[in-house]
>>> print(open('upload_12.cif').read())   # mmCIF, C-alpha atoms and all ligand atoms
data_my_file
#
loop_
_atom_site.label_atom_id
_atom_site.label_comp_id
_atom_site.auth_asym_id
_atom_site.auth_seq_id
_atom_site.Cartn_x
_atom_site.Cartn_y
_atom_site.Cartn_z
CA MET A 30 95.61 67.25 -0.84
CA PHE A 31 92.05 66.94 -2.15
CA GLU A 32 90.85 66.59 1.46
CA LYS A 33 91.63 70.30 1.92
CA ILE A 34 88.65 71.10 -0.30
CA LYS A 35 85.56 71.01 1.88
CA GLY A 36 82.04 70.02 0.93
CA GLN A 37 82.68 68.98 -2.70
CA GLU A 38 82.61 65.19 -2.40
CA LYS A 39 80.91 64.67 -5.76
CA ALA A 40 83.37 66.76 -7.77
CA ILE A 41 86.37 65.24 -5.99
CA SER A 42 85.16 61.68 -6.52
CA ILE A 43 84.69 62.29 -10.28
CA LEU A 44 88.25 63.61 -10.52
CA LYS A 45 89.87 60.98 -8.28
CA ASN A 46 88.18 58.29 -10.32
CA ALA A 47 89.58 59.82 -13.52
CA ILE A 48 93.08 59.84 -11.99
CA GLU A 49 92.86 56.26 -10.68
CA THR A 50 91.53 54.80 -13.93
CA ASP A 51 93.78 57.06 -16.01
CA LYS A 52 90.81 58.32 -17.99
CA ILE A 53 91.58 62.00 -18.18
CA ALA A 54 89.23 64.05 -20.37
CA HIS A 55 90.61 66.77 -22.64
CA SER A 56 88.32 69.41 -21.25
CA TYR A 57 86.39 69.92 -18.04
CA LEU A 58 83.85 72.49 -16.94
CA PHE A 59 83.87 73.13 -13.18
CA TYR A 60 80.62 74.95 -12.51
CA GLY A 61 78.96 76.15 -9.32
CA PRO A 62 78.66 79.18 -7.03
CA ASP A 63 81.54 81.55 -6.22
CA GLY A 64 83.90 80.87 -3.35
CA VAL A 65 83.47 77.08 -3.08
CA GLY A 66 86.87 75.86 -4.34
CA LYS A 67 86.57 75.47 -8.13
CA PHE A 68 89.95 77.04 -8.87
CA THR A 69 91.83 75.22 -6.09
CA THR A 70 90.35 71.90 -7.19
CA ALA A 71 91.41 72.62 -10.79
CA LEU A 72 94.93 73.41 -9.63
CA TYR A 73 95.14 70.22 -7.51
CA PHE A 74 93.80 68.15 -10.41
CA GLY A 75 96.47 69.58 -12.72
CA MET A 76 99.07 68.81 -10.04
CA ALA A 77 97.77 65.28 -9.55
CA ILE A 78 98.10 64.30 -13.22
CA ASN A 79 101.69 65.54 -13.28
CA CYS A 80 102.73 64.49 -9.75
CA HIS A 81 105.82 62.29 -9.27
CA SER A 82 104.48 60.58 -6.14
CA THR A 83 102.69 57.21 -5.88
CA LEU A 84 99.16 57.09 -7.28
CA GLU A 85 97.28 57.24 -3.97
CA LYS A 86 99.28 60.25 -2.76
CA ARG A 87 98.66 62.44 -5.81
CA PRO A 88 98.85 65.38 -5.64
CA CYS A 89 101.55 65.15 -2.96
CA GLY A 90 102.24 68.89 -2.86
CA ILE A 91 105.95 68.37 -2.20
CA CYS A 92 107.51 66.86 -5.34
CA PRO A 93 109.27 69.30 -7.72
CA SER A 94 106.33 69.22 -10.15
CA CYS A 95 103.70 69.94 -7.45
CA LYS A 96 105.82 72.75 -6.03
CA LYS A 97 106.07 74.39 -9.43
CA PHE A 98 102.30 74.19 -9.82
CA LEU A 99 101.79 75.73 -6.39
CA SER A 100 104.01 78.67 -7.31
CA PHE A 101 102.42 78.92 -10.80
CA SER A 102 105.85 78.46 -12.37
CA HIS A 103 105.43 75.04 -14.01
CA PRO A 104 106.27 75.38 -17.72
CA ASP A 105 103.30 73.15 -18.64
CA PHE A 106 100.77 75.15 -16.65
CA LEU A 107 98.96 78.18 -17.99
CA PHE A 108 96.42 80.21 -16.03
CA VAL A 109 94.05 82.34 -18.09
CA PHE A 110 91.75 84.74 -16.27
CA PRO A 111 89.75 87.90 -16.99
CA PHE A 112 91.63 91.17 -16.62
CA PRO A 113 91.29 94.73 -17.92
CA LYS A 114 91.97 95.76 -21.47
CA GLU A 115 94.00 98.80 -22.46
CA LYS A 116 94.22 98.31 -26.21
CA ASP A 117 93.85 95.40 -28.63
CA LYS A 118 97.42 94.31 -29.08
CA ASP A 119 98.76 94.88 -25.61
CA ILE A 120 99.54 91.16 -25.11
CA SER A 121 101.87 89.39 -27.52
CA ILE A 122 101.25 85.82 -28.66
CA GLU A 123 104.02 84.73 -26.28
CA GLY A 124 102.07 86.26 -23.41
CA GLU A 125 104.15 89.38 -22.96
CA ILE A 126 102.04 92.23 -21.57
CA LYS A 127 103.22 95.54 -22.95
CA VAL A 128 101.24 98.03 -20.89
CA GLU A 129 102.93 98.62 -17.53
CA LYS A 130 99.74 99.37 -15.57
CA ILE A 131 97.99 96.23 -16.83
CA LEU A 132 101.08 94.13 -16.19
CA GLN A 133 101.14 95.30 -12.56
CA GLU A 134 97.51 94.37 -12.00
CA TYR A 135 98.00 91.04 -13.80
CA GLU A 136 100.94 90.15 -11.56
CA SER A 137 99.20 91.31 -8.37
CA TYR A 138 96.22 89.11 -9.22
CA ILE A 139 98.44 86.05 -9.58
CA GLU A 140 100.35 86.88 -6.41
CA ASN A 141 97.07 87.16 -4.50
CA LYS A 142 95.93 83.84 -5.97
CA ILE A 143 99.11 82.12 -4.75
CA LYS A 144 99.38 83.67 -1.30
CA THR A 145 95.85 84.56 -0.14
CA PRO A 146 93.38 83.07 -2.64
CA TRP A 147 90.35 83.73 -0.42
CA LYS A 148 90.94 87.49 -0.52
CA GLU A 149 88.91 89.67 -2.84
CA PHE A 150 90.87 91.30 -5.63
CA HIS A 151 89.60 94.42 -7.34
CA PHE A 152 90.77 95.39 -10.80
CA THR A 153 90.63 99.07 -11.68
CA LYS A 154 88.57 98.54 -14.83
CA ASN A 155 86.01 96.18 -16.35
CA ILE A 156 87.47 92.79 -17.04
CA GLY A 157 87.02 89.95 -19.50
CA ILE A 158 88.91 87.04 -21.05
CA ARG A 159 90.70 88.56 -23.96
CA ILE A 160 91.05 87.25 -27.48
CA ALA A 161 94.79 87.94 -27.03
CA SER A 162 94.85 85.50 -24.06
CA ILE A 163 93.17 82.84 -26.19
CA ARG A 164 95.72 83.39 -28.98
CA MET A 165 98.49 82.96 -26.42
CA LEU A 166 96.83 79.75 -25.21
CA GLU A 167 96.57 78.42 -28.79
CA ASN A 168 100.22 79.17 -29.29
CA ARG A 169 101.23 77.32 -26.11
CA ILE A 170 99.02 74.33 -26.91
CA LYS A 171 100.93 73.66 -30.13
CA LEU A 172 104.11 72.94 -28.17
CA SER A 173 104.51 69.51 -26.56
CA PRO A 174 104.80 69.18 -22.77
CA ASN A 175 108.04 70.49 -21.46
CA GLU A 176 108.58 68.36 -18.39
CA GLY A 177 105.20 66.97 -17.28
CA ASN A 178 102.80 64.31 -18.57
CA TYR A 179 100.10 66.82 -19.36
CA LYS A 180 99.87 70.48 -20.19
CA VAL A 181 97.27 72.03 -17.91
CA TYR A 182 95.29 75.13 -18.78
CA ILE A 183 92.90 76.68 -16.30
CA ILE A 184 90.48 79.23 -17.75
CA GLU A 185 88.87 81.02 -14.83
CA ASN A 186 85.41 82.60 -15.14
CA ALA A 187 85.18 81.32 -18.70
CA GLU A 188 81.82 83.06 -19.15
CA THR A 189 83.65 86.40 -19.42
CA MET A 190 84.97 85.45 -22.87
CA GLY A 191 83.59 87.77 -25.52
CA ILE A 192 82.04 86.20 -28.61
CA GLN A 193 85.28 86.61 -30.60
CA ALA A 194 87.36 84.98 -27.87
CA ALA A 195 84.76 82.22 -27.40
CA ASN A 196 84.78 81.34 -31.09
CA ALA A 197 88.57 81.24 -31.19
CA PHE A 198 88.56 79.07 -28.07
CA LEU A 199 86.00 76.72 -29.58
CA LYS A 200 88.49 75.79 -32.32
CA THR A 201 91.04 74.81 -29.67
CA LEU A 202 88.40 72.82 -27.81
CA GLU A 203 87.44 70.92 -30.97
CA GLU A 204 90.86 69.45 -31.56
CA PRO A 205 93.08 69.55 -28.50
CA PRO A 206 96.35 67.58 -28.59
CA THR A 207 96.26 64.34 -26.54
CA ASP A 208 98.54 65.61 -23.80
CA THR A 209 96.41 68.66 -23.03
CA VAL A 210 93.84 69.20 -20.27
CA LEU A 211 91.69 72.32 -20.37
CA ILE A 212 89.76 73.19 -17.20
CA LEU A 213 87.14 75.92 -17.43
CA THR A 214 85.59 77.33 -14.28
CA THR A 215 82.37 79.34 -14.10
CA SER A 216 79.57 80.35 -11.77
CA LYS A 217 77.36 81.12 -14.79
CA PRO A 218 77.40 78.05 -17.05
CA ASN A 219 74.34 79.32 -18.93
CA SER A 220 76.34 82.28 -20.21
CA LEU A 221 78.72 79.96 -22.08
CA LEU A 222 78.19 79.00 -25.72
CA PRO A 223 76.25 75.69 -25.87
CA THR A 224 78.95 74.39 -28.22
CA ILE A 225 81.55 74.98 -25.50
CA LEU A 226 79.36 73.38 -22.82
CA SER A 227 78.76 70.24 -24.86
CA ARG A 228 82.47 69.65 -25.44
CA CYS A 229 83.43 69.65 -21.76
CA GLN A 230 82.99 67.00 -19.12
CA GLN A 231 80.88 68.77 -16.51
CA VAL A 232 81.89 68.69 -12.85
CA PRO A 233 79.35 70.22 -10.44
CA PHE A 234 80.31 72.24 -7.35
CA LEU A 235 77.80 73.00 -4.59
CA PRO A 236 77.36 75.72 -1.97
CA VAL A 237 79.30 74.61 1.11
CA SER A 238 76.96 73.58 3.92
CA ARG A 239 76.71 75.75 7.02
CA LYS A 240 77.90 72.90 9.25
CA ILE A 241 81.05 72.38 7.17
CA ILE A 242 81.90 76.10 7.18
CA GLU A 243 81.30 76.23 10.93
CA LYS A 244 83.58 73.26 11.52
CA GLU A 245 86.31 74.70 9.30
CA LEU A 246 86.22 78.04 11.14
CA GLU A 247 86.31 76.40 14.56
CA GLU A 248 89.01 73.84 13.79
CA ASN A 249 91.31 75.71 11.45
CA LYS A 250 90.65 79.36 12.26
CA PHE A 251 90.18 78.74 15.99
CA LEU A 252 86.97 80.74 16.27
CA GLU A 253 84.59 80.47 19.18
CA ASN A 254 81.40 78.60 18.38
CA ILE A 255 79.22 81.75 18.41
CA GLU A 256 81.43 83.51 15.88
CA ALA A 257 81.81 80.44 13.69
CA LYS A 258 78.02 80.01 13.59
CA MET A 259 77.54 83.69 12.79
CA PHE A 260 80.06 83.80 9.95
CA ALA A 261 78.76 80.53 8.52
CA ARG A 262 75.26 82.00 8.36
CA ILE A 263 76.39 85.29 6.81
CA ALA A 264 78.56 83.49 4.23
CA HIS A 265 75.58 81.69 2.62
CA GLY A 266 77.55 78.66 1.42
CA ASN A 267 80.53 80.71 0.22
CA MET A 268 83.68 79.47 1.99
CA GLU A 269 85.80 82.33 0.64
CA LYS A 270 83.36 84.87 2.03
CA ALA A 271 83.50 83.13 5.42
CA LEU A 272 87.31 83.34 5.43
CA GLN A 273 87.16 87.01 4.43
CA LEU A 274 84.84 87.65 7.36
CA VAL A 275 87.29 85.92 9.71
CA GLU A 276 90.10 88.10 8.42
CA LYS A 277 88.11 91.32 8.69
CA GLY A 278 86.54 90.29 11.98
CA THR A 279 82.92 91.39 11.86
CA THR A 280 82.87 92.24 15.54
CA ALA A 281 82.36 95.87 14.52
CA SER A 282 79.24 95.19 12.47
CA ARG A 283 77.88 92.94 15.22
CA GLU A 284 78.37 95.74 17.78
CA GLU A 285 76.55 98.14 15.43
CA THR A 286 73.70 95.66 15.07
CA ILE A 287 73.38 95.35 18.84
CA GLU A 288 73.39 99.15 19.15
CA PHE A 289 70.67 99.37 16.51
CA LEU A 290 68.54 96.79 18.34
CA ASN A 291 69.01 98.58 21.67
CA ILE A 292 67.78 101.81 20.05
CA LEU A 293 64.86 99.87 18.61
CA ILE A 294 63.99 98.33 21.97
CA ALA A 295 64.16 101.78 23.64
CA GLN A 296 62.20 103.28 20.71
CA ASP A 297 64.62 106.21 21.00
CA ASP A 298 63.96 108.04 17.72
CA LEU A 299 66.48 110.81 18.41
CA ARG A 300 69.31 108.33 18.89
CA PHE A 301 68.15 106.55 15.78
CA ILE A 302 68.55 109.76 13.73
CA ASP A 303 72.19 109.94 14.86
CA PHE A 304 72.63 106.27 14.01
CA ALA A 305 71.08 106.65 10.54
CA ASN A 306 73.29 109.68 9.80
CA ARG A 307 76.31 107.36 9.71
CA TYR A 308 74.89 105.76 6.57
CA LYS A 309 74.57 108.83 4.36
CA THR A 310 77.14 107.85 1.75
CA SER A 311 77.32 104.92 -0.62
CA LYS A 312 80.67 103.97 0.96
CA THR A 313 78.74 102.50 3.89
CA GLN A 314 76.96 100.03 1.61
CA SER A 315 78.98 96.91 2.48
CA GLN A 316 78.93 97.76 6.19
CA LEU A 317 75.14 98.01 6.14
CA MET A 318 74.94 94.74 4.21
CA GLU A 319 76.74 93.03 7.07
CA ILE A 320 74.37 94.59 9.59
CA ILE A 321 71.37 93.33 7.63
CA SER A 322 72.94 89.86 7.51
CA HIS A 323 73.26 90.06 11.30
CA LEU A 324 69.63 91.17 11.60
CA ILE A 325 68.60 88.12 9.57
CA ILE A 326 70.39 85.97 12.15
CA TRP A 327 68.69 87.84 15.00
CA ILE A 328 65.23 87.31 13.54
CA SER A 329 65.99 83.59 13.12
CA ASP A 330 67.26 83.52 16.72
CA ILE A 331 64.02 85.09 18.00
CA SER A 332 62.06 82.45 16.14
CA TYR A 333 64.20 79.67 17.71
CA PHE A 334 63.97 81.26 21.14
CA LYS A 335 61.03 79.29 22.50
CA ASN A 336 61.34 75.86 20.91
CA PHE A 337 64.81 75.41 19.39
CA PRO A 338 67.28 77.10 21.76
CA SER A 339 70.14 74.92 20.47
CA GLU A 340 69.88 76.70 17.09
CA ILE A 341 70.44 80.16 18.59
CA VAL A 342 73.58 81.95 17.38
CA ASN A 343 73.60 85.03 19.64
CA LEU A 344 73.81 82.95 22.80
CA ASP A 345 75.44 85.77 24.77
CA LYS A 346 72.45 88.07 24.13
CA THR A 347 69.50 85.95 25.20
CA ASP A 348 68.20 88.85 27.35
CA MET A 349 67.67 90.96 24.22
CA LEU A 350 66.18 88.00 22.35
CA GLU A 351 63.77 87.46 25.21
CA THR A 352 62.72 91.13 25.27
CA LEU A 353 62.01 91.14 21.53
CA TYR A 354 60.27 87.78 21.70
CA HIS A 355 57.90 89.00 24.42
CA GLN A 356 57.19 92.22 22.52
CA ASN A 357 55.49 90.11 19.87
CA PRO A 358 55.28 86.36 20.47
CA ASN A 359 53.59 85.71 17.10
CA ILE A 360 57.05 85.23 15.66
CA ASP A 361 56.10 82.23 13.49
CA GLU A 362 53.62 84.44 11.72
CA TYR A 363 55.81 87.47 11.02
CA ALA A 364 59.34 85.98 10.82
CA PRO A 365 59.00 84.84 7.18
CA LYS A 366 57.73 88.30 6.23
CA ILE A 367 60.59 90.15 7.95
CA LEU A 368 63.18 87.78 6.50
CA GLU A 369 61.77 88.35 3.05
CA PHE A 370 61.80 92.10 3.68
CA LEU A 371 65.44 92.05 4.84
CA GLU A 372 66.50 89.99 1.80
CA LEU A 373 64.78 92.58 -0.38
CA MET A 374 66.70 95.36 1.40
CA LEU A 375 69.96 93.51 0.67
CA LYS A 376 69.03 93.39 -3.00
CA LYS A 377 68.15 97.09 -3.03
CA LEU A 378 71.47 97.94 -1.41
CA ALA A 379 73.29 95.88 -4.02
CA GLY A 380 71.33 97.88 -6.60
CA HIS A 381 72.74 101.09 -5.09
CA VAL A 382 69.72 102.43 -3.22
CA ASN A 383 70.95 104.98 -0.63
CA PRO A 384 71.98 103.13 2.59
CA GLN A 385 70.39 105.73 4.86
CA LEU A 386 66.99 105.20 3.22
CA ILE A 387 67.39 101.46 3.71
CA ILE A 388 68.23 101.63 7.43
CA ILE A 389 65.31 104.05 8.01
CA GLY A 390 63.01 101.62 6.20
CA ILE A 391 64.23 98.74 8.37
CA TYR A 392 63.82 100.73 11.60
CA ASN A 393 60.25 101.67 10.70
CA LYS A 394 59.36 98.13 9.70
CA LEU A 395 60.77 96.54 12.87
CA SER A 396 59.22 99.26 15.08
CA GLU A 397 55.84 98.52 13.53
CA ILE A 398 56.19 94.78 14.12
CA PHE A 399 57.59 94.84 17.65
CA PHE A 400 56.09 98.07 18.99
CA GLY A 401 53.20 98.86 16.61
ZN ZN A 501 103.58 65.75 -6.31
#
>>> encode(input="upload_12.cif", output="structure tokens")
Amino acid sequence: MFEKIKGQEKAISILKNAIETDKIAHSYLFYGPDGVGKFTTALYFGMAINCHSTLEKRPCGICPSCKKFLSFSHPDFLFVFPFPKEKDKDISIEGEIKVEKILQEYESYIENKIKTPWKEFHFTKNIGIRIASIRMLENRIKLSPNEGNYKVYIIENAETMGIQAANAFLKTLEEPPTDTVLILTTSKPNSLLPTILSRCQQVPFLPVSRKIIEKELEENKFLENIEAKMFARIAHGNMEKALQLVEKGTTASREETIEFLNILIAQDDLRFIDFANRYKTSKTQSQLMEIISHLIIWISDISYFKNFPSEIVNLDKTDMLETLYHQNPNIDEYAPKILEFLELMLKKLAGHVNPQLIIIGIYNKLSEIFFG
């Protein structure tokens, strides 16, 4: 099943080698950017070391043990993740959550993880790995495996442990029982205690390459090449993000981008005022972020227009690309500056600058470059 994880050859080869030589470490740190398969790989690794199938088929995904892992119901598997806190003692040492609202969110998170792991999940409050979760983990670790070879503990986003939780966890990490495998995942390894880092075998995960995302979207999500290329660019190495885009379908934000560029080409300031009025509220932030991501693709397309036509994404809009290219053929000179400017606008949006101000800034900047 490891072949389902795309673009992580190094991590997979480290783990397969451990399985084949039966040299399983007590604790691993899977580190790398968000949305590249750290959790799924951890789950498959836990499955593989408990799988009933022949060595080369592990994890098979169909034996009773694998099936229990896939439904998160294996008695030797514990999944610890950050979630909101109501009060200090709202989780018992056996893992019973006593506050109804928290329990609901906890269960919805797990359900999402099983059924649609690429989907974003939003908790209602700030989250973190709780000392109570670590106490529960300690309690479970003391028991011997119920039906598998190894007990498997996945601690997701381990950097969200508070100092108290981290210190409690460190004790577990220092003397784990032989039949226990702890897998920590994080996109911020530098936020972990150095003493935790040094006790884990480190397994690096990389951003997924654009080509691999493109291929995945074309072959398994049946997208047209133009769309696959577009989503792969917008996703910036994050496979989950790419799958979210497929699900949402960004056709709407692409249409908006084309409308914006048509207004720009016509230099129709009145129509632009109407357009900009759609972005008055902060709710439009993520929509505008997608439009800016599209604009980044358009600027790259204009710069490929003359010499690298095979790199163009918006192949169905070459007339518009041509118009913009001829407005200012010095593209090699200004493209890096606009791209830098658009990246800055993305950062400002993420920092909650008003979307309307951002789109006005972009319109003025592009007008100056193409029609100044
Ligand atoms: Zn199996």
>>> residues_near_ligand(input="upload_12.cif", ligand="ligand ZN 501 (chain A)", cutoff="7 Å", atoms="only C-alpha atoms and all ligand atoms", output="JSON, numbers by chain")
{"A": [76, 77, 80, 81, 82, 87, 88, 89, 90, 91, 92, 93, 94, 95]}
>>> closest_residue(input="upload_12.cif", among="A:Lys144, A:Leu213, A:Leu371, A:Gly278", to="Cys229 in chain A", atoms="only C-alpha atoms")
A:Leu213
>>> closest_residue(input="upload_12.cif", among="A:Glu123, A:Gln273, A:Asn249, A:Met190", to="Pro146 in chain A", atoms="only C-alpha atoms")
A:Gln273
>>> atom_distance(input="upload_12.cif", atom1="CA of Ile242 in chain A", atom2="CA of Met30 in chain A")
18.2 Å
>>> residues_around(input="upload_12.cif", residues="Arg239 in chain A", least_positions_apart="3", cutoff="10 Å", atoms="only C-alpha atoms", output="number ranges by chain")
A: 36, 236, 242-245, 257-268
>>> residues_near_point(input="upload_12.cif", point="(97.4, 84.0, -26.4)", cutoff="12 Å", atoms="only C-alpha atoms", output="VMD selection string")
chain A and resid 107 to 110 118 to 126 158 to 171 182 194 197 to 198 201
>>> atom_distance(input="upload_12.cif", atom1="CA of His103 in chain A", atom2="CA of Lys180 in chain A")
9.5 Å
>>> closest_residue(input="upload_12.cif", among="A:Thr69, A:Glu38, A:Lys270, A:Glu247", to="Glu149 in chain A", atoms="all atoms listed in the file")
A:Lys270
>>> atom_distance(input="upload_12.cif", atom1="CA of Met349 in chain A", atom2="CA of Met318 in chain A")
21.6 Å
>>> residues_around(input="upload_12.cif", residues="Leu350 in chain A", least_positions_apart="4", cutoff="7 Å", atoms="all atoms listed in the file", output="PyMOL selection string")
chain A and resi 331+346+354
>>> closest_residue(input="upload_12.cif", among="A:Val181, A:Leu58, A:Ala47, A:Leu202", to="Pro218 in chain A", atoms="all atoms listed in the file")
A:Leu58
>>> residues_around(input="upload_12.cif", residues="range 302-308 of chain A", least_positions_apart="2", cutoff="12 Å", atoms="only C-alpha atoms", output="PyMOL selection string")
chain A and resi 285-293+296-300+310-318+320+378+382-393
>>> residues_near_point(input="upload_12.cif", point="(103.5, 68.6, -27.6)", cutoff="9 Å", atoms="only C-alpha atoms", output="short mmCIF file (atom, residue, chain, number, x, y, z; two decimals) with C-alpha atoms, in the coordinates of the input")
data_model
loop_
_atom_site.label_atom_id
_atom_site.label_comp_id
_atom_site.auth_asym_id
_atom_site.auth_seq_id
_atom_site.Cartn_x
_atom_site.Cartn_y
_atom_site.Cartn_z
CA ILE A 170 99.02 74.33 -26.91
CA LYS A 171 100.93 73.66 -30.13
CA LEU A 172 104.11 72.94 -28.17
CA SER A 173 104.51 69.51 -26.56
CA PRO A 174 104.80 69.18 -22.77
CA ASN A 175 108.04 70.49 -21.46
CA LYS A 180 99.87 70.48 -20.19
CA PRO A 206 96.35 67.58 -28.59
CA THR A 207 96.26 64.34 -26.54
CA ASP A 208 98.54 65.61 -23.80
CA THR A 209 96.41 68.66 -23.03
#
>>> closest_residue(input="upload_12.cif", among="A:Tyr57, A:Phe31, A:Phe400, A:Phe301", to="Gln230 in chain A", atoms="all atoms listed in the file")
A:Tyr57
>>> axis_aligned_box(input="upload_12.cif", around="range 247-256 of chain A", padding_each_side="3 Å", output="AutoDock Vina command-line options")
--center_x 85.3 --center_y 78.7 --center_z 15.3 --size_x 18.1 --size_y 15.7 --size_z 13.7
>>> decode(input="upload_12.cif", residues="range 137-144 of chain A", atoms="all heavy atoms", output="PDB file, in the first residue's frame")
ATOM      1  N   SER A 137     -15.737  13.712  15.397  1.00  0.00           N
ATOM      2  CA  SER A 137     -15.848  14.175  14.001  1.00  0.00           C
ATOM      3  C   SER A 137     -14.472  14.243  13.352  1.00  0.00           C
ATOM      4  O   SER A 137     -14.311  13.963  12.166  1.00  0.00           O
ATOM      5  CB  SER A 137     -16.464  15.569  13.897  1.00  0.00           C
ATOM      6  OG  SER A 137     -17.576  15.681  14.681  1.00  0.00           O
ATOM      7  N   TYR A 138     -13.463  14.636  14.146  1.00  0.00           N
ATOM      8  CA  TYR A 138     -12.113  14.731  13.591  1.00  0.00           C
ATOM      9  C   TYR A 138     -11.644  13.353  13.133  1.00  0.00           C
ATOM     10  O   TYR A 138     -11.112  13.190  12.039  1.00  0.00           O
ATOM     11  CB  TYR A 138     -11.137  15.310  14.626  1.00  0.00           C
ATOM     12  CG  TYR A 138      -9.744  15.490  14.060  1.00  0.00           C
ATOM     13  CD1 TYR A 138      -9.467  16.563  13.220  1.00  0.00           C
ATOM     14  CD2 TYR A 138      -8.727  14.571  14.315  1.00  0.00           C
ATOM     15  CE1 TYR A 138      -8.205  16.727  12.664  1.00  0.00           C
ATOM     16  CE2 TYR A 138      -7.464  14.726  13.763  1.00  0.00           C
ATOM     17  CZ  TYR A 138      -7.212  15.805  12.944  1.00  0.00           C
ATOM     18  OH  TYR A 138      -5.970  15.953  12.384  1.00  0.00           O
ATOM     19  N   ILE A 139     -11.872  12.348  13.983  1.00  0.00           N
ATOM     20  CA  ILE A 139     -11.441  10.989  13.639  1.00  0.00           C
ATOM     21  C   ILE A 139     -12.223  10.472  12.431  1.00  0.00           C
ATOM     22  O   ILE A 139     -11.654   9.876  11.515  1.00  0.00           O
ATOM     23  CB  ILE A 139     -11.592  10.043  14.849  1.00  0.00           C
ATOM     24  CG1 ILE A 139     -10.569  10.463  15.920  1.00  0.00           C
ATOM     25  CG2 ILE A 139     -11.388   8.588  14.449  1.00  0.00           C
ATOM     26  CD1 ILE A 139     -10.534   9.594  17.141  1.00  0.00           C
ATOM     27  N   GLU A 140     -13.512  10.755  12.403  1.00  0.00           N
ATOM     28  CA  GLU A 140     -14.331  10.299  11.283  1.00  0.00           C
ATOM     29  C   GLU A 140     -13.828  10.902   9.970  1.00  0.00           C
ATOM     30  O   GLU A 140     -13.706  10.219   8.950  1.00  0.00           O
ATOM     31  CB  GLU A 140     -15.790  10.687  11.522  1.00  0.00           C
ATOM     32  CG  GLU A 140     -16.741   9.916  10.636  1.00  0.00           C
ATOM     33  CD  GLU A 140     -18.169  10.415  10.750  1.00  0.00           C
ATOM     34  OE1 GLU A 140     -18.546  10.900  11.834  1.00  0.00           O
ATOM     35  OE2 GLU A 140     -18.884  10.332   9.735  1.00  0.00           O
ATOM     36  N   ASN A 141     -13.503  12.197  10.016  1.00  0.00           N
ATOM     37  CA  ASN A 141     -12.972  12.866   8.830  1.00  0.00           C
ATOM     38  C   ASN A 141     -11.654  12.230   8.394  1.00  0.00           C
ATOM     39  O   ASN A 141     -11.405  12.012   7.214  1.00  0.00           O
ATOM     40  CB  ASN A 141     -12.774  14.356   9.129  1.00  0.00           C
ATOM     41  CG  ASN A 141     -12.300  15.142   7.918  1.00  0.00           C
ATOM     42  OD1 ASN A 141     -12.967  15.182   6.895  1.00  0.00           O
ATOM     43  ND2 ASN A 141     -11.122  15.744   8.024  1.00  0.00           N
ATOM     44  N   LYS A 142     -10.821  11.909   9.383  1.00  0.00           N
ATOM     45  CA  LYS A 142      -9.511  11.313   9.117  1.00  0.00           C
ATOM     46  C   LYS A 142      -9.657   9.950   8.438  1.00  0.00           C
ATOM     47  O   LYS A 142      -8.849   9.570   7.605  1.00  0.00           O
ATOM     48  CB  LYS A 142      -8.786  11.151  10.464  1.00  0.00           C
ATOM     49  CG  LYS A 142      -7.305  11.081  10.361  1.00  0.00           C
ATOM     50  CD  LYS A 142      -6.708  12.453  10.219  1.00  0.00           C
ATOM     51  CE  LYS A 142      -5.205  12.408  10.143  1.00  0.00           C
ATOM     52  NZ  LYS A 142      -4.655  13.695   9.728  1.00  0.00           N
ATOM     53  N   ILE A 143     -10.698   9.200   8.810  1.00  0.00           N
ATOM     54  CA  ILE A 143     -10.900   7.869   8.229  1.00  0.00           C
ATOM     55  C   ILE A 143     -11.493   7.985   6.828  1.00  0.00           C
ATOM     56  O   ILE A 143     -11.042   7.337   5.889  1.00  0.00           O
ATOM     57  CB  ILE A 143     -11.844   7.022   9.119  1.00  0.00           C
ATOM     58  CG1 ILE A 143     -11.187   6.759  10.475  1.00  0.00           C
ATOM     59  CG2 ILE A 143     -12.201   5.700   8.436  1.00  0.00           C
ATOM     60  CD1 ILE A 143     -12.098   6.096  11.501  1.00  0.00           C
ATOM     61  N   LYS A 144     -12.505   8.850   6.694  1.00  0.00           N
ATOM     62  CA  LYS A 144     -13.266   8.851   5.439  1.00  0.00           C
ATOM     63  C   LYS A 144     -12.707   9.795   4.385  1.00  0.00           C
ATOM     64  O   LYS A 144     -12.652   9.456   3.204  1.00  0.00           O
ATOM     65  CB  LYS A 144     -14.728   9.218   5.724  1.00  0.00           C
ATOM     66  CG  LYS A 144     -15.438   8.132   6.512  1.00  0.00           C
ATOM     67  CD  LYS A 144     -16.910   8.452   6.661  1.00  0.00           C
ATOM     68  CE  LYS A 144     -17.612   7.372   7.470  1.00  0.00           C
ATOM     69  NZ  LYS A 144     -18.843   7.903   8.079  1.00  0.00           N
TER      70      LYS A 144
END
